[in-house]
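Below is query.cif, holding mmCIF, C-alpha atoms and all ligand atoms.
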```cif
data_coords
loop_
_atom_site.label_atom_id
_atom_site.label_comp_id
_atom_site.auth_asym_id
_atom_site.auth_seq_id
_atom_site.Cartn_x
_atom_site.Cartn_y
_atom_site.Cartn_z
CA MET A 1 98.40 64.21 68.58
CA THR A 2 95.42 62.41 67.09
CA THR A 3 96.13 59.97 64.27
CA PHE A 4 93.69 58.44 61.80
CA ALA A 5 94.24 55.27 59.79
CA SER A 6 92.33 52.80 57.70
CA ALA A 7 92.72 49.30 56.29
CA ARG A 8 90.87 47.21 53.71
CA GLY A 9 88.60 44.23 53.94
CA LYS A 10 89.20 41.43 51.45
CA VAL A 11 87.76 38.59 49.49
CA ILE A 12 89.70 35.43 48.82
CA LEU A 13 89.25 34.55 45.15
CA VAL A 14 90.89 31.13 45.47
CA GLY A 15 92.68 29.17 48.16
CA GLU A 16 90.97 29.62 51.54
CA HIS A 17 91.70 26.73 53.90
CA ALA A 18 94.34 25.31 51.53
CA VAL A 19 96.45 28.40 52.36
CA VAL A 20 96.55 27.35 56.04
CA HIS A 21 98.25 24.12 54.88
CA GLY A 22 100.91 25.70 52.66
CA ALA A 23 99.09 26.15 49.33
CA PRO A 24 98.84 29.61 47.72
CA ALA A 25 95.78 31.86 47.83
CA VAL A 26 94.72 34.75 45.64
CA ALA A 27 93.04 37.57 47.56
CA VAL A 28 91.90 41.03 46.68
CA ALA A 29 91.24 44.08 48.85
CA ILE A 30 87.72 45.49 48.63
CA SER A 31 86.31 48.97 49.04
CA ARG A 32 84.94 48.28 52.52
CA GLY A 33 87.23 48.22 55.51
CA ALA A 34 87.98 49.64 58.93
CA ARG A 35 89.00 52.98 60.36
CA ALA A 36 90.91 53.78 63.52
CA ARG A 37 91.55 56.94 65.48
CA ALA A 38 94.19 57.06 68.23
CA GLU A 39 94.58 59.89 70.73
CA PRO A 40 96.24 60.48 74.09
CA ALA A 41 94.04 59.45 77.03
CA GLU A 42 94.18 58.93 80.78
CA ARG A 43 94.28 55.15 80.40
CA ASP A 44 94.66 52.65 77.57
CA GLU A 45 91.26 51.88 76.09
CA LEU A 46 89.75 50.63 72.83
CA HIS A 47 86.20 51.31 71.67
CA ILE A 48 84.02 50.01 68.87
CA ALA A 49 81.03 52.25 69.54
CA ALA A 50 78.77 50.74 66.85
CA TRP A 51 79.11 47.32 68.50
CA GLY A 52 78.80 48.70 72.04
CA LEU A 53 82.32 47.45 72.87
CA SER A 54 84.72 49.17 75.18
CA VAL A 55 87.78 47.40 76.58
CA SER A 56 91.01 48.05 78.43
CA PRO A 57 94.05 45.85 77.75
CA ASP A 58 94.07 44.24 81.20
CA GLU A 59 90.71 42.54 80.60
CA GLU A 60 90.38 38.98 79.36
CA SER A 61 87.98 39.31 76.41
CA GLU A 62 89.40 38.46 72.96
CA LEU A 63 89.25 42.09 71.89
CA ALA A 64 91.09 43.21 75.05
CA ARG A 65 93.77 40.55 74.53
CA ALA A 66 94.16 41.53 70.87
CA PHE A 67 94.57 45.19 71.88
CA ARG A 68 97.13 44.19 74.53
CA ALA A 69 99.04 42.06 72.00
CA VAL A 70 99.39 45.08 69.70
CA LEU A 71 100.22 47.55 72.48
CA ASP A 72 102.93 45.21 73.78
CA GLU A 73 104.68 45.37 70.39
CA THR A 74 104.22 49.09 69.79
CA PRO A 75 106.51 51.90 70.89
CA GLY A 76 104.88 55.29 71.18
CA PRO A 77 102.96 57.57 73.46
CA ARG A 78 100.78 55.93 76.09
CA PRO A 79 98.19 55.83 77.54
CA VAL A 80 96.15 55.87 74.36
CA ARG A 81 92.52 55.67 73.36
CA VAL A 82 91.67 53.90 70.09
CA ASP A 83 88.27 54.25 68.43
CA LEU A 84 87.42 51.75 65.70
CA SER A 85 84.67 51.62 63.13
CA THR A 86 84.00 49.28 60.24
CA ASN A 87 81.48 48.69 57.49
CA LEU A 88 82.49 45.02 57.25
CA PRO A 89 80.23 42.42 58.84
CA PRO A 90 82.15 40.44 61.50
CA GLY A 91 82.56 36.67 61.11
CA ALA A 92 81.56 36.86 57.45
CA GLY A 93 84.81 36.01 55.65
CA LEU A 94 85.58 39.58 54.57
CA GLY A 95 88.63 40.06 56.78
CA CYS A 96 86.91 42.26 59.36
CA SER A 97 89.23 41.39 62.24
CA ALA A 98 92.37 41.85 60.12
CA ALA A 99 91.16 45.24 58.86
CA LEU A 100 90.44 46.36 62.43
CA GLY A 101 93.86 45.05 63.50
CA VAL A 102 95.81 46.75 60.72
CA ALA A 103 93.91 50.03 61.21
CA THR A 104 94.73 49.89 64.95
CA VAL A 105 98.41 49.16 64.29
CA ARG A 106 98.64 52.05 61.81
CA ALA A 107 96.90 54.54 64.05
CA LEU A 108 99.17 53.63 66.97
CA ASP A 109 102.40 53.78 64.95
CA PRO A 110 102.07 55.72 61.70
CA ASP A 111 105.74 55.18 60.84
CA ALA A 112 105.77 51.38 61.07
CA THR A 113 106.93 49.65 57.89
CA HIS A 114 104.60 47.37 55.95
CA GLU A 115 106.33 44.28 57.39
CA VAL A 116 106.03 45.58 60.95
CA GLN A 117 102.36 46.45 60.42
CA VAL A 118 101.63 42.93 59.22
CA ALA A 119 103.64 41.32 62.05
CA ARG A 120 101.77 43.33 64.69
CA ALA A 121 98.41 42.71 63.04
CA MET A 122 99.23 38.99 63.12
CA GLN A 123 99.53 39.18 66.93
CA TRP A 124 96.01 40.64 66.94
CA GLU A 125 94.74 38.00 64.47
CA ARG A 126 96.17 35.08 66.49
CA VAL A 127 93.98 36.05 69.43
CA PHE A 128 90.83 35.64 67.30
CA HIS A 129 91.82 32.84 64.91
CA GLY A 130 94.51 30.69 66.56
CA THR A 131 96.86 29.96 63.65
CA PRO A 132 95.77 32.19 60.76
CA SER A 133 97.69 31.89 57.49
CA GLY A 134 98.21 35.65 57.45
CA VAL A 135 96.55 36.27 54.09
CA ASP A 136 93.91 38.53 55.65
CA ALA A 137 96.42 40.74 57.48
CA GLU A 138 98.66 40.92 54.42
CA VAL A 139 95.94 42.06 52.00
CA ALA A 140 94.41 44.42 54.60
CA ALA A 141 97.80 46.15 54.76
CA SER A 142 98.88 45.99 51.12
CA GLY A 143 95.59 46.57 49.30
CA GLY A 144 95.34 45.41 45.68
CA CYS A 145 95.42 41.81 44.55
CA ILE A 146 97.98 39.37 45.93
CA PHE A 147 99.24 35.83 45.43
CA PHE A 148 100.03 34.71 48.96
CA ARG A 149 101.74 31.64 50.35
CA VAL A 150 102.83 31.27 53.98
CA GLY A 151 106.57 31.84 54.29
CA ALA A 152 107.06 33.03 50.69
CA PRO A 153 107.50 36.62 49.49
CA VAL A 154 104.10 38.12 48.69
CA GLU A 155 103.52 38.60 44.99
CA ARG A 156 101.35 41.44 43.80
CA ILE A 157 99.15 40.53 40.84
CA ALA A 158 98.99 43.46 38.43
CA LEU A 159 95.39 43.44 37.20
CA ARG A 160 94.97 44.10 33.50
CA ALA A 161 91.29 45.07 33.77
CA PRO A 162 88.93 46.19 36.54
CA LEU A 163 87.30 43.40 38.52
CA VAL A 164 83.65 43.89 39.34
CA LEU A 165 82.68 41.66 42.25
CA CYS A 166 79.37 41.22 44.05
CA VAL A 167 79.51 40.14 47.66
CA GLY A 168 76.44 38.48 49.17
CA ASP A 169 76.08 37.95 52.91
CA SER A 170 74.26 34.83 54.11
CA GLY A 171 73.61 36.71 57.37
CA ARG A 172 75.01 33.82 59.38
CA ALA A 173 78.35 34.47 61.10
CA SER A 174 80.84 31.63 61.43
CA SER A 175 84.03 31.03 63.37
CA THR A 176 87.18 30.79 61.25
CA GLY A 177 88.93 28.82 64.01
CA ALA A 178 86.11 26.23 64.15
CA MET A 179 85.99 25.87 60.36
CA VAL A 180 89.78 25.48 60.11
CA ALA A 181 89.61 22.80 62.84
CA ALA A 182 86.79 20.98 60.99
CA VAL A 183 88.91 20.88 57.82
CA ARG A 184 91.91 19.62 59.78
CA ALA A 185 89.75 16.76 61.10
CA ARG A 186 88.93 15.44 57.61
CA PRO A 187 90.77 12.37 56.25
CA ASP A 188 94.28 13.32 55.08
CA GLY A 189 94.08 11.85 51.57
CA GLU A 190 90.78 13.52 50.70
CA ARG A 191 91.94 16.85 52.09
CA GLU A 192 95.26 16.78 50.25
CA GLU A 193 93.58 15.98 46.95
CA ILE A 194 91.25 18.98 47.30
CA PHE A 195 94.12 21.24 48.40
CA GLY A 196 96.01 20.13 45.27
CA GLU A 197 93.06 21.16 43.13
CA LEU A 198 92.79 24.53 44.92
CA GLU A 199 96.50 25.09 44.41
CA SER A 200 96.14 24.54 40.64
CA LEU A 201 93.16 26.92 40.62
CA ALA A 202 95.18 29.60 42.47
CA HIS A 203 97.89 29.40 39.77
CA GLU A 204 95.22 29.52 37.07
CA ALA A 205 93.59 32.58 38.72
CA ARG A 206 96.93 34.38 38.85
CA ALA A 207 97.56 33.70 35.16
CA VAL A 208 94.03 34.70 34.13
CA LEU A 209 94.10 37.93 36.19
CA ALA A 210 97.41 38.97 34.70
CA GLN A 211 95.83 38.65 31.24
CA GLY A 212 92.52 40.43 31.82
CA ALA A 213 90.20 38.26 33.99
CA SER A 214 88.22 36.45 31.32
CA GLY A 215 88.08 32.87 32.53
CA LEU A 216 88.16 33.86 36.21
CA GLY A 217 84.43 33.10 36.56
CA GLY A 218 84.99 29.43 35.79
CA VAL A 219 87.89 29.31 38.26
CA LEU A 220 85.66 30.72 41.01
CA SER A 221 82.90 28.19 40.38
CA ARG A 222 85.37 25.29 40.37
CA ALA A 223 86.89 26.59 43.60
CA HIS A 224 83.42 26.63 45.16
CA ALA A 225 82.83 23.02 44.12
CA ALA A 226 86.16 22.02 45.70
CA LEU A 227 85.33 23.89 48.93
CA ALA A 228 81.91 22.21 49.02
CA ARG A 229 83.67 18.81 48.79
CA LEU A 230 85.88 19.96 51.66
CA GLY A 231 82.69 20.37 53.71
CA VAL A 232 82.82 24.12 54.31
CA SER A 233 79.88 25.21 52.17
CA THR A 234 76.26 25.22 53.31
CA PRO A 235 72.99 24.81 51.38
CA THR A 236 72.47 28.58 51.71
CA LEU A 237 75.91 29.43 50.27
CA ASP A 238 75.38 26.93 47.41
CA ALA A 239 71.98 28.50 46.68
CA MET A 240 73.42 32.05 46.74
CA CYS A 241 76.08 31.01 44.20
CA ARG A 242 73.41 29.48 41.93
CA THR A 243 71.26 32.62 42.28
CA ALA A 244 74.20 34.81 41.28
CA GLU A 245 74.95 32.66 38.23
CA ARG A 246 71.29 32.65 37.16
CA ALA A 247 71.31 36.45 37.43
CA GLY A 248 74.23 36.62 35.01
CA ALA A 249 77.39 36.24 37.14
CA LEU A 250 80.37 34.66 35.35
CA GLY A 251 81.12 32.52 38.40
CA ALA A 252 80.57 32.51 42.16
CA LYS A 253 81.97 30.91 45.28
CA LEU A 254 81.92 31.11 49.04
CA THR A 255 84.71 33.32 50.34
CA GLY A 256 86.58 33.00 53.62
CA ALA A 257 86.18 30.17 56.07
CA GLY A 258 82.64 29.15 55.00
CA GLY A 259 80.05 27.56 57.27
CA GLY A 260 78.16 30.85 56.82
CA GLY A 261 79.51 34.26 55.91
CA CYS A 262 79.70 35.51 52.35
CA VAL A 263 79.82 34.49 48.71
CA VAL A 264 81.60 36.43 45.98
CA ALA A 265 80.45 36.57 42.36
CA LEU A 266 82.35 37.91 39.36
CA VAL A 267 80.25 39.99 36.96
CA ASP A 268 80.92 41.70 33.63
CA GLY A 269 79.79 45.16 34.69
CA ALA A 270 77.51 47.40 36.73
CA GLU A 271 74.26 46.24 35.17
CA THR A 272 74.81 42.55 35.90
CA ALA A 273 76.05 43.53 39.36
CA ARG A 274 72.70 45.22 40.02
CA SER A 275 70.84 42.09 38.84
CA VAL A 276 72.88 39.84 41.12
CA VAL A 277 72.49 42.00 44.21
CA ARG A 278 68.77 42.44 43.47
CA ALA A 279 68.33 38.66 43.14
CA TRP A 280 70.02 38.08 46.50
CA ARG A 281 67.87 40.77 48.12
CA ARG A 282 64.73 39.14 46.74
CA ASP A 283 65.85 35.97 48.57
CA GLY A 284 66.39 37.96 51.78
CA PHE A 285 70.20 38.36 51.66
CA ASP A 286 72.16 41.57 51.77
CA GLY A 287 74.75 42.26 49.08
CA PHE A 288 77.01 44.94 47.70
CA THR A 289 79.28 45.52 44.71
CA THR A 290 82.97 46.30 44.87
CA ARG A 291 85.07 47.34 41.89
CA VAL A 292 88.80 46.68 41.97
CA GLU A 293 90.78 48.89 39.62
CA PRO A 294 94.20 48.04 38.19
CA ARG A 295 96.74 50.21 40.00
CA ARG A 296 99.41 52.28 38.38
CA ASP A 297 101.96 51.34 41.04
CA ASP A 298 101.52 47.56 40.77
CA ALA A 299 104.87 45.86 41.21
CA GLN A 300 105.87 42.36 42.14
CA THR A 301 106.06 43.02 45.86
CA PRO A 302 103.72 44.93 48.19
CA SER A 303 104.34 48.58 47.56
CA THR A 304 104.16 51.60 49.80
CA ASP A 305 100.42 51.79 49.13
CA SER A 306 99.67 51.42 52.81
CA HIS A 307 101.60 54.58 53.56
CA ILE A 308 99.96 56.51 50.74
CA GLU A 309 96.60 55.48 52.04
CA HIS A 310 97.71 56.37 55.51
CA ILE A 311 99.00 59.81 54.60
CA GLU A 312 95.76 60.55 52.76
CA GLU A 313 93.86 59.52 55.85
CA ARG A 314 95.93 61.67 58.13
CA ALA A 315 95.64 64.68 55.88
CA SER A 316 91.85 64.57 55.95
C1 LIG B 401 90.21 33.23 56.35
O1 LIG B 401 89.84 34.42 55.69
C2 LIG B 401 90.62 32.17 55.40
C3 LIG B 401 91.10 30.83 55.96
O2 LIG B 401 91.93 30.28 54.92
C4 LIG B 401 91.88 30.96 57.24
C5 LIG B 401 93.28 31.57 57.09
O3 LIG B 401 93.77 31.74 55.99
O4 LIG B 401 93.85 31.86 58.16
C6 LIG B 401 89.94 29.89 56.19
#
```
So that I can check it, write out the structure of this file as C-alpha cells.
Ligand code: MEV
Amino acid sequence: MTTFASARGKVILVGEHAVVHGAPAVAVAISRGARARAEPAERDELHIAAWGLSVSPDEESELARAFRAVLDETPGPRPVRVDLSTNLPPGAGLGCSAALGVATVRALDPDATHEVQVARAMQWERVFHGTPSGVDAEVAASGGCIFFRVGAPVERIALRAPLVLCVGDSGRASSTGAMVAAVRARPDGEREEIFGELESLAHEARAVLAQGASGLGGVLSRAHAALARLGVSTPTLDAMCRTAERAGALGAKLTGAGGGGCVVALVDGAETARSVVRAWRRDGFDGFTTRVEPRRDDAQTPSTDSHIEHIEERAS
C-alpha cells in the first residue's frame, strides 16, 4: 500500500533560543510544509528528488542517519521507499527538517498517535540539531498556534482573529546547532537576563493572541531587539525587519535560530502584506505571506488535527 502524509513548517513568534534553556516559546504552523509518500520497495531508501538526494539507512550522511533513527522506532512493512518534497527553504528557521521528519513518520506509520509521531520525529531532529527543544517537531505535528515549554504539556493558543504574517528569506542558510552553541557560549548573566525578557514576551504574546492579536506587533519587535542583544541577528536580518516596518508591518523579528534564515512580520491584511513582500523583493530578498486562521477545534491540548490532515492527505 502507498501512503501519503504531510506536515507543516512553522514560525516562532517569540522564544527561540530561550526555549532550549527552559523558557516558553510561542510558535505557529504556516501554510508551507513537507509531503511524504511511502511505498513497498526492494530495499529501504529515502529520496528528496528536488535536492538530488537519495540515501539508504546504512549510510553515514545526516539524512541517512535520520531515516535510520525513524525506521528503528517504527513497526510496519519493510523494505520501504520514502519520497519527500518540501516548499520550505532548508536552514532558514522555518522548521524544514521537522516538517520532513514528521511527514516521514506519518507516511511510515499512519496510525501512530500524536505523541508517538513527535517522539519519532525528535529522533530525526536530534541527528540534525543535537539537542533541539522540540518546538519545531511539536508544531509540525499539531498545526495551529502553541505555547511550548520543554517538559510541560503543550498548550494550544486559540486564536481570536486570523494572523497575517509575511516571511522574508535572507537567502543565507544557517546551522541551528552552531547558533545554539554560540548562545550557550555567551556570559551566563547576560544570557539569563535576555531569556527572562523573552519569557515575559512569550507570556505577553499568548495573552495578546488569545484576545485578538492587536499588540502582537510590538511584542515581535521587542523580541527581535532581545535576540539581537543575544548576538543571533545579522545586519541583513535587522535591515529586513526595518524594511518590513517601513512598508507598514506592525512588527517584525528574525525567526528560528538566526545568523541568517528568515524574518517574520505581522501585518494588518493582504494589502500591507503585498507592500512588505514587494519591499523585500526590491531589496533582492524572497518573501511570501501566510495566513493563520482561528480553528474551530482549538482546545487546550494538541488535538487530533494531525490525523484529520493525514486522512485528508490519504484520501486524495
Ligand atoms: C529552532 O527553530 C529554534 C531554536 O530555539 C532551537 C530549538 O528550539 O531547538 C533556536
At most 8 Å is the cut-off: for each residue in chain A with any atom that close to an atom of ligand LIG 401 (chain B), write down the nearest atom pair and the distance in Å rounded to one decimal, counting only C-alpha atoms and all ligand atoms, chain first then increasing number, as a tab-separated table.
```
residue	atom	partner	partner_atom	distance
A:Val11	CA	B:LIG401	O1	7.8
A:Ile12	CA	B:LIG401	O1	6.9
A:Gly15	CA	B:LIG401	O2	6.9
A:Glu16	CA	B:LIG401	O2	3.6
A:His17	CA	B:LIG401	O2	3.7
A:Ala18	CA	B:LIG401	O2	6.5
A:Val19	CA	B:LIG401	O2	5.5
A:Val20	CA	B:LIG401	O3	5.2
A:Gly93	CA	B:LIG401	O1	5.3
A:Leu94	CA	B:LIG401	O1	6.8
A:Gly95	CA	B:LIG401	O1	5.9
A:His129	CA	B:LIG401	O4	7.1
A:Thr131	CA	B:LIG401	O4	6.5
A:Pro132	CA	B:LIG401	O4	3.2
A:Ser133	CA	B:LIG401	O4	3.9
A:Gly134	CA	B:LIG401	O4	5.8
A:Val135	CA	B:LIG401	O3	5.6
A:Asp136	CA	B:LIG401	O1	5.8
A:Thr176	CA	B:LIG401	C6	5.8
A:Gly177	CA	B:LIG401	C4	7.7
A:Met179	CA	B:LIG401	C6	7.0
A:Val180	CA	B:LIG401	C6	5.9
A:Thr255	CA	B:LIG401	O1	7.5
A:Gly256	CA	B:LIG401	O1	4.1
A:Ala257	CA	B:LIG401	C6	3.8
A:Gly258	CA	B:LIG401	C6	7.4
```
Selection export as a PDB file, in the coordinates of the input, atoms kept: C-alpha atoms:
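Full text of result_22.pdb as output:
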```pdb
ATOM      1  CA  VAL A  11      87.760  38.590  49.490  1.00  0.00           C
ATOM      2  CA  ILE A  12      89.700  35.430  48.820  1.00  0.00           C
ATOM      3  CA  GLY A  15      92.680  29.170  48.160  1.00  0.00           C
ATOM      4  CA  GLU A  16      90.970  29.620  51.540  1.00  0.00           C
ATOM      5  CA  HIS A  17      91.700  26.730  53.900  1.00  0.00           C
ATOM      6  CA  ALA A  18      94.340  25.310  51.530  1.00  0.00           C
ATOM      7  CA  VAL A  19      96.450  28.400  52.360  1.00  0.00           C
ATOM      8  CA  VAL A  20      96.550  27.350  56.040  1.00  0.00           C
ATOM      9  CA  GLY A  93      84.810  36.010  55.650  1.00  0.00           C
ATOM     10  CA  LEU A  94      85.580  39.580  54.570  1.00  0.00           C
ATOM     11  CA  GLY A  95      88.630  40.060  56.780  1.00  0.00           C
ATOM     12  CA  HIS A 129      91.820  32.840  64.910  1.00  0.00           C
ATOM     13  CA  THR A 131      96.860  29.960  63.650  1.00  0.00           C
ATOM     14  CA  PRO A 132      95.770  32.190  60.760  1.00  0.00           C
ATOM     15  CA  SER A 133      97.690  31.890  57.490  1.00  0.00           C
ATOM     16  CA  GLY A 134      98.210  35.650  57.450  1.00  0.00           C
ATOM     17  CA  VAL A 135      96.550  36.270  54.090  1.00  0.00           C
ATOM     18  CA  ASP A 136      93.910  38.530  55.650  1.00  0.00           C
ATOM     19  CA  THR A 176      87.180  30.790  61.250  1.00  0.00           C
ATOM     20  CA  GLY A 177      88.930  28.820  64.010  1.00  0.00           C
ATOM     21  CA  MET A 179      85.990  25.870  60.360  1.00  0.00           C
ATOM     22  CA  VAL A 180      89.780  25.480  60.110  1.00  0.00           C
ATOM     23  CA  THR A 255      84.710  33.320  50.340  1.00  0.00           C
ATOM     24  CA  GLY A 256      86.580  33.000  53.620  1.00  0.00           C
ATOM     25  CA  ALA A 257      86.180  30.170  56.070  1.00  0.00           C
ATOM     26  CA  GLY A 258      82.640  29.150  55.000  1.00  0.00           C
TER      27      GLY A 258
END
```
Can you tell me, as lines of an AutoDock Vina configuration file, the centre and edge lengths (Å, one decimal) of the axis-aligned box enclosing all of segment 150-163 of chain A's listed atoms after padding each side by 3 Å?
```
center_x = 97.4
center_y = 38.7
center_z = 43.9
size_x = 26.2
size_y = 20.9
size_z = 26.8
```
Tell me which protein, DNA and RNA residues are within 7 Å of segment 31-45 of chain A, counting all atoms listed in the file, leaving out same-chain ones fewer than 4 positions away, and put them as a ChimeraX atom specification. /A:1-9,55-57,78-88,99-100,103-104,107-108,290
Write out as a ChimeraX atom specification which residues come within 9 Å of segment 224-239 of chain A when counting all atoms listed in the file, dropping same-chain ones fewer than 6 positions away. /A:14,16-17,169-170,179,182-183,186,190-191,194-195,197-198,252-255,257-263
Within 9 Å of file point (98.8, 45.5, 62.3), counting all atoms listed in the file, expressed as a PyMOL selection string: chain A and resi 70+98-106+114+116-125+137+140-141
Just to be explicit: take each residue in the selection above, keep C-alpha atoms, and write the result as an mmCIF file, in the coordinates of the input.
```
data_model
loop_
_atom_site.group_PDB
_atom_site.id
_atom_site.type_symbol
_atom_site.label_atom_id
_atom_site.label_comp_id
_atom_site.auth_asym_id
_atom_site.auth_seq_id
_atom_site.Cartn_x
_atom_site.Cartn_y
_atom_site.Cartn_z
ATOM 1 C CA VAL A 70 99.390 45.080 69.700
ATOM 2 C CA ALA A 98 92.370 41.850 60.120
ATOM 3 C CA ALA A 99 91.160 45.240 58.860
ATOM 4 C CA LEU A 100 90.440 46.360 62.430
ATOM 5 C CA GLY A 101 93.860 45.050 63.500
ATOM 6 C CA VAL A 102 95.810 46.750 60.720
ATOM 7 C CA ALA A 103 93.910 50.030 61.210
ATOM 8 C CA THR A 104 94.730 49.890 64.950
ATOM 9 C CA VAL A 105 98.410 49.160 64.290
ATOM 10 C CA ARG A 106 98.640 52.050 61.810
ATOM 11 C CA HIS A 114 104.600 47.370 55.950
ATOM 12 C CA VAL A 116 106.030 45.580 60.950
ATOM 13 C CA GLN A 117 102.360 46.450 60.420
ATOM 14 C CA VAL A 118 101.630 42.930 59.220
ATOM 15 C CA ALA A 119 103.640 41.320 62.050
ATOM 16 C CA ARG A 120 101.770 43.330 64.690
ATOM 17 C CA ALA A 121 98.410 42.710 63.040
ATOM 18 C CA MET A 122 99.230 38.990 63.120
ATOM 19 C CA GLN A 123 99.530 39.180 66.930
ATOM 20 C CA TRP A 124 96.010 40.640 66.940
ATOM 21 C CA GLU A 125 94.740 38.000 64.470
ATOM 22 C CA ALA A 137 96.420 40.740 57.480
ATOM 23 C CA ALA A 140 94.410 44.420 54.600
ATOM 24 C CA ALA A 141 97.800 46.150 54.760
#
```
Kindly provide the residues of segment 76-173 of chain A that approach segment 266-275 of chain A to within 8 Å, each paired with its closest atom pair and their distance in Å to one decimal, based on all atoms listed in the file, listed by chain and increasing number, as CSV.
```
residue,atom,partner,partner_atom,distance
A:Leu163,CA,A:Leu266,CA,7.4
A:Val164,CA,A:Val267,CA,5.7
A:Leu165,CA,A:Leu266,CA,4.7
A:Cys166,CA,A:Ala273,CA,6.2
```
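Atom to atom, atom CA of Cys241 of chain A and atom CA of Ala279 of chain A stand 10.9 Å apart.
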Nearest-residue call for Phe147 of chain A, choices A:Ala265, A:Ala69, A:Ala25, A:Leu13, using all atoms listed in the file: A:Ala25
